[in-house]
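Novice: I am attaching a structure below and will ask some questions about it afterwards.
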Amino acid sequence: MTNMGIPSNHHSTSHVRKKLRLLHTSDTHLGGDWHVEQARAALAALVDAAPRLGADAVLIVGDVFDHARVPEAELEFFVAQMARLALPAIILPGNHDLYDAESLYRRTPFHRAPRNLRIFSQHQGEIISLPDLTLDLWGRAMPAHTPEFHPLEGMPAGSNGHWLVALAHGHFHFEDDRERRSSPIFPQEVAQAPCDYLALGHWDRHIEVSCGGVKAVYSGSPLPTGGVGEITVVELDPGTGVHTHQTQIAIS
Ligand SMILES: [Mn+2]
């Protein structure tokens with residue numbers, strides 16, 4: 001698809017963008033051996049909190065599940081929680097829940113997934129468009145966690161005036177980081193990314209890694225310490241730009 005023949009001044013412009021609030025989390029590790037109940041409680045708490053927080057959509061940026069052989073009941077639990085959410089829920093597979101031939105996202109519970117649940121499945125990247133929200137989301141489903149997989153490679157520029165939010169699961173290389181890591185994300189790639197917000201996952205802790213005016217944040221895992229978990233709230237405001245803050249969710 002191209003815009004050939006359409007003068008650029010016919011594109012919708014930023015004034016049509018809606019003011020949105022996204023909830024961004026990652027690394028819930030459902031089905032992990034040592035925290036099965038905590039992970040479930042954290043996901044349920046996120047679903048409970050979403051309406052109260054005024055969320056328009058929820059992003060879960062990889063390692064939603066701990067490994068590909070989690071029991072069917074864990075997948076059923078997740079799908080049921082997403083159905084209860086009743087908001088767009090956008091899932092990017094990570095290195096613990098790869099989108100490969102054996103992917104858990106191909107298993108039966110996902111064949112009956114509710115329509116609000118959207119899962120990135122294209123290794124080269126794809127846009128999931130939510131026109132009602134004036135929101136386009138881009139991400140690459142991870143086929144294998146290797147140094148050759150670059151989570152930001154091929155991100156397109158937005159062309160329809162929608163917000164463009166990118167999701168990426170991988171390792172951000174700080175400038176002095178000389179190790180060769182799998183699924184690398186480099187500072188210059190972030191700085192050149194044509195998105196309005198880069199939602200990151202893979203690291204358990206929350207940290208902002210914005211570069212060159214591109215807002216980029218690791219939400220950190222929502223798994224609780226002392227009964228309280230934490231997620232990232234992303235405000236997309238046509239007037240003032242992109243803002244994030246951490247908010248706590250009570251987990252019982
Ligand atoms: Mn990971």
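The chains in the structure tokens are called A, B, ... from first to last as shown; in each chain the residues are counted from 1, and the ligands are counted from 1 in the order shown.
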Hey, which residues come within 9 Å of ligand 1 if we count only C-alpha atoms and all ligand atoms? Could you give them as a list in words?
Specialist: Ser26, Asp27, Gly62, Asp63, Gly94, Asn95, His96, Asp97, His145, His169, Gly170, His171, Gly201, His202, Trp203 and Asp204 of chain A
Novice: Would you output that residue set with C-alpha atoms, as a PDB file, in the first residue's frame?
Specialist:
ATOM      1  CA  SER A  26       4.994  -6.643  30.525  1.00  0.00           C
ATOM      2  CA  ASP A  27       6.630  -9.741  31.956  1.00  0.00           C
ATOM      3  CA  GLY A  62       5.972  -9.820  26.043  1.00  0.00           C
ATOM      4  CA  ASP A  63       6.683 -12.640  28.454  1.00  0.00           C
ATOM      5  CA  GLY A  94       8.401 -12.141  23.957  1.00  0.00           C
ATOM      6  CA  ASN A  95      11.292 -14.566  24.445  1.00  0.00           C
ATOM      7  CA  HIS A  96       9.450 -16.679  27.029  1.00  0.00           C
ATOM      8  CA  ASP A  97       6.324 -16.839  24.856  1.00  0.00           C
ATOM      9  CA  HIS A 145      15.533 -14.705  20.897  1.00  0.00           C
ATOM     10  CA  HIS A 169      10.514  -6.849  23.692  1.00  0.00           C
ATOM     11  CA  GLY A 170      14.280  -6.831  24.008  1.00  0.00           C
ATOM     12  CA  HIS A 171      17.471  -5.560  25.594  1.00  0.00           C
ATOM     13  CA  GLY A 201       9.298  -5.178  27.813  1.00  0.00           C
ATOM     14  CA  HIS A 202      11.905  -7.744  28.922  1.00  0.00           C
ATOM     15  CA  TRP A 203      13.283  -6.039  31.997  1.00  0.00           C
ATOM     16  CA  ASP A 204      11.577  -6.652  35.334  1.00  0.00           C
TER      17      ASP A 204
END
Novice: DSSP on the backbone: what in range 6-77 of chain A comes out alpha helix (DSSP H), as a PyMOL selection string?
Specialist: chain A and resi 36-52+72-77
Novice: What's around range 35-44 of chain A at 9 Å? Count only C-alpha atoms, leave out sequence neighbours fewer than 2 positions away in its own chain, and write the answer as a list in words.
Specialist: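 Within the cut-off, the hits are Thr28, His29, Leu30, Gly31, Gly32, Asp33, Leu46, Val47, Asp48, Ala49, Glu74, Phe77, Phe78, Gln81, Pro222, Leu223, Pro224, Val228, Gly229, Ile249, Ala250, Ile251 and Ser252 of chain A.
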Novice: Excluding Glu189 in chain A and its own-chain neighbours fewer than 4 positions away, which residues fall within 10 Å of it when counting only C-alpha atoms? Please give them as a list in words.
Specialist: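 That gives His150, Pro151, Leu152, Glu153, Met155, Pro184, Ile185, Ala193, Pro194, Cys211, Gly212 and Val214 of chain A.
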Novice: Considering only C-alpha atoms, return as a ChimeraX atom specification whatever protein or nucleic-acid residues lie within 12 Å of His206 in chain A, sequence-local ones (same chain, fewer than 5 positions apart) excluded.
Specialist: /A:24-27,199-201,216-223,229-233,244-247
Novice: One decimal, Å: what's the distance from CA of Leu23 in chain A over to CA of Val61 in chain A, could you say?
Specialist: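 About the pair CA of Leu23 in chain A and CA of Val61 in chain A: they are 10.8 Å apart.
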Novice: Could you check which of A:Ala141, A:Leu133, A:Ala83, A:Ala89 is closest to Ala113 in chain A, using only C-alpha atoms?
Specialist: A:Ala83
